[in-house]
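K.L.:
TSV, C-alpha atoms and all ligand atoms, saved as my_file14.tsv, coming up:
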chain	number	residue	atom	x	y	z
A	58	MET	CA	118.13	89.35	135.38
A	59	MET	CA	118.69	87.42	132.09
A	60	GLN	CA	122.35	88.46	132.16
A	61	GLU	CA	122.91	87.12	135.69
A	62	LEU	CA	120.99	83.97	134.85
A	63	LEU	CA	123.18	83.25	131.81
A	64	GLU	CA	126.38	83.85	133.75
A	65	SER	CA	125.40	81.61	136.64
A	66	MET	CA	124.04	78.82	134.40
A	67	LEU	CA	127.15	78.87	132.28
A	68	GLU	CA	129.46	78.33	135.24
A	69	GLU	CA	127.11	75.75	136.70
A	70	HIS	CA	127.30	73.68	133.50
A	71	ARG	CA	130.87	74.20	132.39
A	72	HIS	CA	131.97	70.91	133.96
A	73	TRP	CA	129.97	69.07	131.27
A	74	THR	CA	132.57	70.13	128.72
A	75	LYS	CA	134.87	67.55	130.33
A	76	MET	CA	132.41	64.73	129.57
A	77	GLY	CA	132.55	65.28	125.81
A	78	ALA	CA	135.26	65.38	123.15
A	79	VAL	CA	136.02	67.71	120.26
A	80	ALA	CA	135.50	66.29	116.75
A	81	THR	CA	138.71	64.77	115.43
A	82	TYR	CA	137.56	63.33	112.10
A	83	ILE	CA	138.07	66.83	110.69
A	84	PRO	CA	141.65	67.35	111.94
A	85	GLU	CA	141.41	71.13	112.15
A	86	LEU	CA	138.44	70.90	114.54
A	87	SER	CA	140.49	68.84	116.98
A	88	LYS	CA	142.55	71.99	117.72
A	89	GLN	CA	139.58	73.63	119.47
A	90	ASP	CA	139.69	74.19	123.22
A	91	SER	CA	137.35	71.52	124.55
A	92	GLU	CA	136.56	73.56	127.68
A	93	SER	CA	135.12	76.54	125.83
A	94	LEU	CA	131.50	77.34	126.53
A	95	GLY	CA	129.52	80.40	125.47
A	96	ILE	CA	125.96	81.56	125.04
A	97	CYS	CA	124.18	84.52	123.46
A	98	VAL	CA	120.48	85.37	123.70
A	99	TYR	CA	118.56	87.83	121.53
A	100	ASP	CA	115.14	88.62	122.86
A	101	LEU	CA	112.53	89.90	120.46
A	102	THR	CA	112.89	93.50	121.60
A	103	GLY	CA	116.42	93.31	120.22
A	104	GLU	CA	118.16	93.14	123.63
A	105	VAL	CA	121.29	90.97	123.56
A	106	TYR	CA	122.69	89.07	126.53
A	107	HIS	CA	125.78	86.89	126.61
A	108	ALA	CA	128.13	84.92	128.81
A	109	GLY	CA	131.34	82.89	128.55
A	110	GLU	CA	133.10	82.55	125.20
A	111	TRP	CA	130.14	83.95	123.28
A	112	ASP	CA	132.37	85.87	120.87
A	113	LYS	CA	134.83	83.09	120.08
A	114	PRO	CA	134.58	82.22	116.38
A	115	PHE	CA	133.75	78.64	115.39
A	116	THR	CA	132.60	76.98	112.19
A	117	MET	CA	128.91	76.57	111.45
A	118	GLN	CA	129.15	72.99	110.21
A	119	SER	CA	125.65	71.53	110.08
A	120	ILE	CA	124.05	74.75	111.29
A	121	SER	CA	124.61	76.00	107.72
A	122	LYS	CA	122.14	73.31	106.62
A	123	ILE	CA	119.18	75.34	107.86
A	124	VAL	CA	120.17	78.34	105.75
A	125	THR	CA	120.66	76.10	102.70
A	126	PHE	CA	117.21	74.69	103.45
A	127	MET	CA	115.68	78.19	103.62
A	128	CYS	CA	117.12	78.97	100.16
A	129	VAL	CA	115.75	75.65	98.87
A	130	LEU	CA	112.31	76.52	100.21
A	131	GLN	CA	112.42	79.96	98.60
A	132	ASP	CA	113.41	78.49	95.24
A	133	ASN	CA	111.22	75.33	95.06
A	134	THR	CA	107.77	73.99	95.79
A	135	MET	CA	107.43	71.25	98.40
A	136	ASP	CA	106.55	68.82	95.60
A	137	THR	CA	109.84	69.52	93.79
A	138	LEU	CA	111.69	69.12	97.08
A	139	TYR	CA	110.04	65.79	97.92
A	140	LYS	CA	111.09	64.34	94.57
A	141	LYS	CA	114.70	64.63	95.79
A	142	ILE	CA	114.71	64.88	99.61
A	143	THR	CA	112.08	64.10	102.24
A	144	VAL	CA	111.66	65.48	105.77
A	145	ALA	CA	111.66	62.21	107.70
A	146	PRO	CA	113.68	61.89	110.93
A	147	SER	CA	116.63	59.52	110.84
A	148	SER	CA	117.64	57.13	113.58
A	149	ASP	CA	121.14	56.84	112.11
A	150	GLY	CA	124.15	59.13	112.39
A	151	PHE	CA	124.52	62.40	110.46
A	152	ASN	CA	126.84	60.85	107.88
A	153	SER	CA	125.10	57.49	107.54
A	154	ILE	CA	125.15	55.87	104.12
A	155	VAL	CA	122.89	52.88	104.66
A	156	ASN	CA	119.51	54.61	104.28
A	157	LEU	CA	120.41	55.98	100.88
A	158	GLU	CA	120.54	52.48	99.51
A	159	THR	CA	117.85	50.71	101.46
A	160	LYS	CA	115.12	53.29	102.11
A	161	ASN	CA	113.15	56.14	100.62
A	162	GLU	CA	113.86	55.47	96.91
A	163	HIS	CA	117.45	56.69	97.26
A	164	ARG	CA	116.34	60.09	98.51
A	165	PRO	CA	118.08	61.50	101.60
A	166	LEU	CA	115.69	61.23	104.54
A	167	ASN	CA	115.96	64.92	105.44
A	168	PRO	CA	117.96	68.10	104.68
A	169	MET	CA	119.59	68.22	108.14
A	170	ILE	CA	121.86	65.21	107.60
A	171	ASN	CA	124.91	65.31	105.32
A	172	SER	CA	123.41	63.52	102.32
A	173	GLY	CA	120.33	65.77	102.45
A	174	ALA	CA	122.39	68.95	102.72
A	175	ILE	CA	124.65	68.01	99.81
A	176	ALA	CA	121.59	67.28	97.65
A	177	SER	CA	119.91	70.50	98.88
A	178	ILE	CA	122.66	72.75	97.49
A	179	GLU	CA	121.77	71.54	94.01
A	180	LEU	CA	118.15	72.70	94.47
A	181	VAL	CA	119.19	76.29	95.21
A	182	LYS	CA	118.78	78.78	92.37
A	183	GLY	CA	121.93	79.56	90.39
A	184	LYS	CA	123.42	78.98	86.92
A	185	ASN	CA	126.14	76.78	88.38
A	186	VAL	CA	127.27	75.41	91.73
A	187	GLU	CA	129.37	78.52	92.43
A	188	GLU	CA	126.32	80.76	92.12
A	189	LYS	CA	124.29	78.46	94.36
A	190	TYR	CA	127.07	78.58	96.96
A	191	GLU	CA	127.26	82.38	96.75
A	192	ARG	CA	123.50	82.67	97.22
A	193	ILE	CA	123.63	80.58	100.42
A	194	LEU	CA	126.68	82.44	101.81
A	195	GLN	CA	124.99	85.79	101.17
A	196	MET	CA	121.86	84.48	102.88
A	197	ILE	CA	123.89	83.54	105.98
A	198	ARG	CA	125.35	87.07	106.12
A	199	PHE	CA	121.92	88.63	105.54
A	200	LEU	CA	120.09	86.60	108.18
A	201	ALA	CA	122.88	87.00	110.75
A	202	ASP	CA	123.01	90.71	109.91
A	203	ASN	CA	126.77	90.44	109.62
A	204	PRO	CA	128.35	91.17	106.21
A	205	SER	CA	131.83	90.29	107.44
A	206	ILE	CA	131.15	86.56	107.84
A	207	GLU	CA	133.75	84.49	105.93
A	208	VAL	CA	134.90	80.91	105.41
A	209	ASN	CA	137.64	79.60	107.70
A	210	GLN	CA	140.16	78.43	105.10
A	211	SER	CA	142.06	75.99	107.33
A	212	VAL	CA	138.87	74.16	108.34
A	213	TYR	CA	137.68	74.14	104.72
A	214	LEU	CA	140.94	72.61	103.47
A	215	SER	CA	140.96	70.12	106.32
A	216	GLU	CA	137.40	69.02	105.44
A	217	LYS	CA	138.20	68.80	101.76
A	218	GLU	CA	141.24	66.67	102.41
A	219	THR	CA	139.52	64.23	104.73
A	220	GLY	CA	135.87	64.30	103.60
A	221	ASP	CA	135.77	60.85	102.02
A	222	ARG	CA	132.59	59.84	103.80
A	223	ASN	CA	130.83	62.83	102.25
A	224	ARG	CA	132.37	61.90	98.89
A	225	ALA	CA	130.94	58.41	99.27
A	226	LEU	CA	127.48	59.86	99.99
A	227	ALA	CA	127.66	62.24	97.03
A	228	TYR	CA	128.97	59.69	94.51
A	229	PHE	CA	126.30	57.25	95.61
A	230	MET	CA	123.62	59.92	95.08
A	231	LYS	CA	125.06	60.70	91.66
A	232	SER	CA	124.87	57.02	90.71
A	233	THR	CA	121.16	56.93	91.58
A	234	GLY	CA	120.35	60.23	89.85
A	235	THR	CA	119.48	61.97	93.14
A	236	ILE	CA	122.07	64.59	92.21
A	237	GLU	CA	123.16	65.59	88.73
A	238	SER	CA	125.92	68.18	89.26
A	239	ASP	CA	129.63	67.54	89.21
A	240	VAL	CA	130.21	65.77	92.53
A	241	GLU	CA	133.49	67.49	93.44
A	242	GLU	CA	132.06	70.95	92.73
A	243	LEU	CA	129.03	70.25	94.87
A	244	LEU	CA	131.19	68.89	97.68
A	245	ASP	CA	133.45	71.88	97.48
A	246	ALA	CA	130.44	74.15	98.06
A	247	TYR	CA	129.27	71.91	100.92
A	248	PHE	CA	132.71	71.95	102.62
A	249	ARG	CA	132.93	75.73	102.33
A	250	LEU	CA	129.44	76.19	103.81
A	251	CYS	CA	130.33	73.91	106.73
A	252	SER	CA	133.47	76.02	107.27
A	253	VAL	CA	131.69	79.39	107.49
A	254	GLU	CA	132.95	81.02	110.67
A	255	ILE	CA	130.44	82.60	113.03
A	256	THR	CA	129.93	83.37	116.74
A	257	CYS	CA	127.12	82.63	119.19
A	258	LYS	CA	125.83	86.12	118.44
A	259	ASP	CA	125.48	85.39	114.72
A	260	ILE	CA	123.49	82.21	115.26
A	261	ALA	CA	121.39	83.81	118.01
A	262	SER	CA	120.52	86.52	115.50
A	263	ILE	CA	119.36	83.94	112.90
A	264	ALA	CA	117.44	82.12	115.66
A	265	ALA	CA	115.73	85.36	116.73
A	266	LEU	CA	114.55	85.93	113.19
A	267	LEU	CA	113.02	82.43	113.14
A	268	ALA	CA	111.50	83.12	116.58
A	269	ASN	CA	109.94	86.28	115.12
A	270	ASP	CA	108.42	84.38	112.15
A	271	GLY	CA	110.89	85.90	109.69
A	272	LYS	CA	110.38	89.55	110.60
A	273	SER	CA	113.32	91.84	111.28
A	274	LEU	CA	113.63	92.75	114.96
A	275	ARG	CA	114.74	96.20	113.92
A	276	ASP	CA	111.88	97.37	111.72
A	277	GLY	CA	109.39	94.49	111.38
A	278	ARG	CA	110.24	94.02	107.68
A	279	GLU	CA	109.69	90.49	106.38
A	280	LEU	CA	113.14	89.01	105.69
A	281	MET	CA	111.92	85.42	105.33
A	282	SER	CA	108.33	84.28	104.87
A	283	LYS	CA	106.42	83.01	107.90
A	284	LYS	CA	105.58	79.84	105.98
A	285	ILE	CA	109.25	79.03	105.35
A	286	CYS	CA	110.12	79.78	108.99
A	287	LYS	CA	107.38	77.39	110.09
A	288	THR	CA	108.66	74.59	107.83
A	289	VAL	CA	112.26	75.10	108.92
A	290	LYS	CA	111.31	75.05	112.62
A	291	ALA	CA	109.27	71.88	112.13
A	292	VAL	CA	112.19	70.10	110.45
A	293	MET	CA	114.63	71.42	113.08
A	294	THR	CA	112.38	69.97	115.79
A	295	THR	CA	112.21	66.52	114.23
A	296	CYS	CA	115.68	66.28	112.65
A	297	GLY	CA	117.90	69.10	113.97
A	298	LEU	CA	119.99	67.11	116.45
A	299	TYR	CA	120.44	64.09	114.17
A	300	ASP	CA	119.51	60.83	115.88
A	301	GLY	CA	119.50	62.73	119.20
A	302	SER	CA	116.47	64.79	118.11
A	303	GLY	CA	113.89	62.73	120.03
A	304	GLU	CA	115.68	62.90	123.37
A	305	TYR	CA	116.41	66.58	122.84
A	306	ALA	CA	112.72	67.28	122.14
A	307	VAL	CA	111.92	65.73	125.51
A	308	SER	CA	114.72	67.38	127.51
A	309	VAL	CA	114.83	70.84	125.84
A	310	GLY	CA	111.82	71.09	123.54
A	311	LEU	CA	113.00	73.89	121.23
A	312	PRO	CA	113.46	73.82	117.42
A	313	SER	CA	117.26	73.67	117.16
A	314	LYS	CA	120.16	72.78	114.89
A	315	SER	CA	123.55	71.57	116.04
A	316	GLY	CA	126.89	71.33	114.25
A	317	VAL	CA	130.05	69.32	114.93
A	318	GLY	CA	131.93	72.62	115.41
A	319	GLY	CA	130.12	72.76	118.77
A	320	GLY	CA	127.38	75.26	117.99
A	321	ILE	CA	123.67	74.93	118.64
A	322	LEU	CA	121.13	77.41	117.25
A	323	ALA	CA	117.92	77.24	119.29
A	324	VAL	CA	114.62	79.02	118.67
A	325	SER	CA	112.16	79.90	121.40
A	326	PRO	CA	109.17	80.93	119.28
A	327	HIS	CA	107.91	84.45	119.97
A	328	LYS	CA	110.38	84.79	122.84
A	329	MET	CA	114.05	84.64	121.87
A	330	GLY	CA	116.85	83.31	119.69
A	331	ILE	CA	119.68	81.46	121.41
A	332	GLY	CA	123.20	80.62	120.21
A	333	VAL	CA	125.39	78.24	122.18
A	334	PHE	CA	128.98	77.10	121.59
A	335	GLY	CA	130.76	74.23	123.33
A	336	PRO	CA	133.01	72.14	121.06
A	337	ALA	CA	133.19	69.06	123.32
A	338	LEU	CA	130.59	66.78	121.70
A	339	ASP	CA	128.55	63.81	122.85
A	340	ALA	CA	128.52	60.49	120.99
A	341	LYS	CA	125.91	61.76	118.50
A	342	GLY	CA	127.89	64.85	117.52
A	343	ASN	CA	125.97	67.40	119.61
A	344	SER	CA	127.60	69.86	122.03
A	345	MET	CA	127.67	68.08	125.38
A	346	ALA	CA	127.60	71.14	127.66
A	347	GLY	CA	125.54	73.09	125.12
A	348	VAL	CA	122.66	70.64	125.38
A	349	LYS	CA	122.87	70.66	129.19
A	350	LEU	CA	122.89	74.44	129.26
A	351	LEU	CA	119.86	74.64	126.99
A	352	GLU	CA	118.08	71.99	129.00
A	353	SER	CA	118.54	73.96	132.18
A	354	MET	CA	117.53	77.22	130.54
A	355	ALA	CA	114.40	75.70	128.97
A	356	HIS	CA	113.45	74.28	132.33
A	357	ARG	CA	114.02	77.47	134.35
A	358	LEU	CA	112.30	79.76	131.87
A	359	GLU	CA	109.65	77.21	130.83
A	360	LEU	CA	110.59	77.47	127.18
A	361	SER	CA	109.67	74.03	125.86
A	362	ILE	CA	107.18	74.29	123.00
A	363	PHE	CA	105.47	71.09	124.13
A	401	LIG	N1	131.25	69.20	107.87
A	401	LIG	C1	130.68	68.19	108.70
A	401	LIG	C2	130.60	66.89	107.91
A	401	LIG	O1	130.31	66.96	106.75
A	401	LIG	C3	129.34	68.62	109.17
A	401	LIG	C4	128.72	67.62	110.08
A	401	LIG	C5	127.87	68.21	111.15
A	401	LIG	O2	128.07	69.30	111.64
A	401	LIG	O3	126.96	67.48	111.50
A	401	LIG	O4	130.84	65.85	108.41
What would you get if you wrote out this structure as structure tokens?

P.N.:
Amino acid sequence: MMQELLESMLEEHRHWTKMGAVATYIPELSKQDSESLGICVYDLTGEVYHAGEWDKPFTMQSISKIVTFMCVLQDNTMDTLYKKITVAPSSDGFNSIVNLETKNEHRPLNPMINSGAIASIELVKGKNVEEKYERILQMIRFLADNPSIEVNQSVYLSEKETGDRNRALAYFMKSTGTIESDVEELLDAYFRLCSVEITCKDIASIAALLANDGKSLRDGRELMSKKICKTVKAVMTTCGLYDGSGEYAVSVGLPSKSGVGGGILAVSPHKMGIGVFGPALDAKGNSMAGVKLLESMAHRLELSIF
């Protein structure tokens, strides 16, 4: 029943891919097929359902920010976090610079936008930036239950070559003392984390873990604390789709995180984890068809948390 539903919804919504456009500001991402669309669902009994291009690899981009955030929450108290980064929604784009100067005592508004994610890496445990990066990459593999996850080198190099907006954010934060590490090293870790290659199945698996309050679907073991899962889902709900988060809360109503690679990780608490991929984006950087697909699914299955 779920399988048929996914297949029919996917074909019903594929035409939305034509209304969006693949990201071009990272040249390598512009090579993606804009008409791709895939979905994978993990229910909490461990059953997996999928349709469309669910196994086509794509880069995590901002979806990696939630795993970085989980590591930050494991390694810090909320008070330490709030000294550097808050959890306030932003009404500006994901790479906006203006708030860093004018608001919030130079702290990034939240860890789901670029400035917040770059600053978050520094808060992860590790002797140096390389160790912090390794800890986050290992956490992605662990939570997705896929040890073969790797960085897509072409996307990484493309980001590194063209990531001047992120450089501007990071150098500004260094000038205000928000970050202390070597800026290029920190950015290098950030670019590599954005370029981690995954499939809908990998992100559905991470989403299912969040849906299950951090407990493994396989044996009930606690892989992430319930408290951290709760915090991450709250911040995903308020900040996960950048400045589109409010509208998305109304139309879909699920804690989610999008990335400019076209992925959306969506959590239906105590029901299922969902991974969607559709690289044609809307004006805010969210998957155009992906959001429509999730909207329709949330409506048909009454998934909204509100
Ligand atoms: N690597 C992308 C950037 O830094 C991530 C943006 C995103 O997915 O929102 O611009």

K.L.:
Do you know which residues are at most 12 Å from range 207-210 of chain A counting only C-alpha atoms, after dropping those on the same chain fewer than 4 positions away, and could you put them as a PyMOL selection string?

P.N.:
chain A and resi 85-86+114-118+121+190-191+194-195+197-198+203+214-217+246-256+318

K.L.:
With distances taken over only C-alpha atoms and all ligand atoms, which of A:Ser211, A:Thr294, A:Asn343, A:Thr74 is nearest to ligand LIG 401 (chain A)?

P.N.:
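Smallest separation from ligand LIG 401 (chain A) among the options: A:Asn343.
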
K.L.:
I need the residue nearest ligand LIG 401 (chain A) from this list: A:Arg222, A:Lys287, A:His163, A:Arg192. Use all atoms listed in the file for the distance.

P.N.:
A:Arg222

K.L.:
Could you give me, as a ChimeraX atom specification, every polymer residue with an atom at most 7 Å away from an atom of ligand LIG 401 (chain A), counting all atoms listed in the file?

P.N.:
/A:118-120,151-152,170-171,216,220,223,248,251,315-318,342

K.L.:
Which residues come within 10 Å of Lys189 in chain A, counting only C-alpha atoms, excluding same-chain residues fewer than 4 positions away, as a PDB file with C-alpha atoms, keeping the file's coordinate frame?

P.N.:
ATOM      1  CA  THR A 125     120.660  76.100 102.700  1.00  0.00           C
ATOM      2  CA  CYS A 128     117.120  78.970 100.160  1.00  0.00           C
ATOM      3  CA  ILE A 178     122.660  72.750  97.490  1.00  0.00           C
ATOM      4  CA  GLU A 179     121.770  71.540  94.010  1.00  0.00           C
ATOM      5  CA  LEU A 180     118.150  72.700  94.470  1.00  0.00           C
ATOM      6  CA  VAL A 181     119.190  76.290  95.210  1.00  0.00           C
ATOM      7  CA  LYS A 182     118.780  78.780  92.370  1.00  0.00           C
ATOM      8  CA  GLY A 183     121.930  79.560  90.390  1.00  0.00           C
ATOM      9  CA  LYS A 184     123.420  78.980  86.920  1.00  0.00           C
ATOM     10  CA  ASN A 185     126.140  76.780  88.380  1.00  0.00           C
ATOM     11  CA  ILE A 193     123.630  80.580 100.420  1.00  0.00           C
ATOM     12  CA  LEU A 194     126.680  82.440 101.810  1.00  0.00           C
ATOM     13  CA  LEU A 243     129.030  70.250  94.870  1.00  0.00           C
ATOM     14  CA  ALA A 246     130.440  74.150  98.060  1.00  0.00           C
TER      15      ALA A 246
END

K.L.:
Would you compute an axis-aligned box for range 127-146 of chain A, covering every atom listed for it in the file with 3 Å of margin on each side, and report centre and edge lengths in Å to one decimal as lines of an AutoDock Vina configuration file?

P.N.:
center_x = 111.8
center_y = 70.9
center_z = 102.4
size_x = 16.6
size_y = 24.1
size_z = 23.1

K.L.:
Restore N, CA and C atoms in range 264-280 of chain A and list the result as a PDB file, keeping the file's coordinate frame.

P.N.:
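Done, and the output landed in selection.pdb:
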ATOM      1  N   ALA A 264     118.488  82.786 114.865  1.00  0.00           N
ATOM      2  CA  ALA A 264     117.440  82.120 115.660  1.00  0.00           C
ATOM      3  C   ALA A 264     116.337  83.108 116.034  1.00  0.00           C
ATOM      4  N   ALA A 265     116.735  84.349 116.342  1.00  0.00           N
ATOM      5  CA  ALA A 265     115.730  85.360 116.730  1.00  0.00           C
ATOM      6  C   ALA A 265     114.802  85.673 115.567  1.00  0.00           C
ATOM      7  N   LEU A 266     115.371  85.673 114.379  1.00  0.00           N
ATOM      8  CA  LEU A 266     114.550  85.930 113.190  1.00  0.00           C
ATOM      9  C   LEU A 266     113.515  84.808 113.009  1.00  0.00           C
ATOM     10  N   LEU A 267     113.961  83.569 113.226  1.00  0.00           N
ATOM     11  CA  LEU A 267     113.020  82.430 113.140  1.00  0.00           C
ATOM     12  C   LEU A 267     111.978  82.532 114.262  1.00  0.00           C
ATOM     13  N   ALA A 268     112.425  82.971 115.438  1.00  0.00           N
ATOM     14  CA  ALA A 268     111.500  83.120 116.580  1.00  0.00           C
ATOM     15  C   ALA A 268     110.444  84.176 116.277  1.00  0.00           C
ATOM     16  N   ASN A 269     110.835  85.159 115.451  1.00  0.00           N
ATOM     17  CA  ASN A 269     109.940  86.280 115.120  1.00  0.00           C
ATOM     18  C   ASN A 269     109.225  86.035 113.776  1.00  0.00           C
ATOM     19  N   ASP A 270     109.118  84.767 113.391  1.00  0.00           N
ATOM     20  CA  ASP A 270     108.420  84.380 112.150  1.00  0.00           C
ATOM     21  C   ASP A 270     108.958  85.081 110.910  1.00  0.00           C
ATOM     22  N   GLY A 271     110.264  85.356 110.898  1.00  0.00           N
ATOM     23  CA  GLY A 271     110.890  85.900 109.690  1.00  0.00           C
ATOM     24  C   GLY A 271     110.929  87.408 109.616  1.00  0.00           C
ATOM     25  N   LYS A 272     110.390  88.079 110.645  1.00  0.00           N
ATOM     26  CA  LYS A 272     110.380  89.550 110.600  1.00  0.00           C
ATOM     27  C   LYS A 272     111.590  90.135 111.309  1.00  0.00           C
ATOM     28  N   SER A 273     112.174  91.151 110.688  1.00  0.00           N
ATOM     29  CA  SER A 273     113.320  91.840 111.280  1.00  0.00           C
ATOM     30  C   SER A 273     112.972  92.383 112.661  1.00  0.00           C
ATOM     31  N   LEU A 274     113.874  92.214 113.614  1.00  0.00           N
ATOM     32  CA  LEU A 274     113.630  92.750 114.960  1.00  0.00           C
ATOM     33  C   LEU A 274     113.738  94.277 114.951  1.00  0.00           C
ATOM     34  N   ARG A 275     114.477  94.756 113.970  1.00  0.00           N
ATOM     35  CA  ARG A 275     114.740  96.200 113.920  1.00  0.00           C
ATOM     36  C   ARG A 275     113.531  96.992 113.439  1.00  0.00           C
ATOM     37  N   ASP A 276     112.962  96.546 112.275  1.00  0.00           N
ATOM     38  CA  ASP A 276     111.880  97.370 111.720  1.00  0.00           C
ATOM     39  C   ASP A 276     110.647  96.566 111.304  1.00  0.00           C
ATOM     40  N   GLY A 277     110.594  95.287 111.672  1.00  0.00           N
ATOM     41  CA  GLY A 277     109.390  94.490 111.380  1.00  0.00           C
ATOM     42  C   GLY A 277     109.270  94.065 109.923  1.00  0.00           C
ATOM     43  N   ARG A 278     110.276  94.404 109.094  1.00  0.00           N
ATOM     44  CA  ARG A 278     110.240  94.020 107.680  1.00  0.00           C
ATOM     45  C   ARG A 278     110.338  92.498 107.550  1.00  0.00           C
ATOM     46  N   GLU A 279     109.621  91.945 106.549  1.00  0.00           N
ATOM     47  CA  GLU A 279     109.690  90.490 106.380  1.00  0.00           C
ATOM     48  C   GLU A 279     110.979  90.105 105.631  1.00  0.00           C
ATOM     49  N   LEU A 280     111.883  89.417 106.319  1.00  0.00           N
ATOM     50  CA  LEU A 280     113.140  89.010 105.690  1.00  0.00           C
ATOM     51  C   LEU A 280     113.047  87.579 105.180  1.00  0.00           C
TER      52      LEU A 280
END
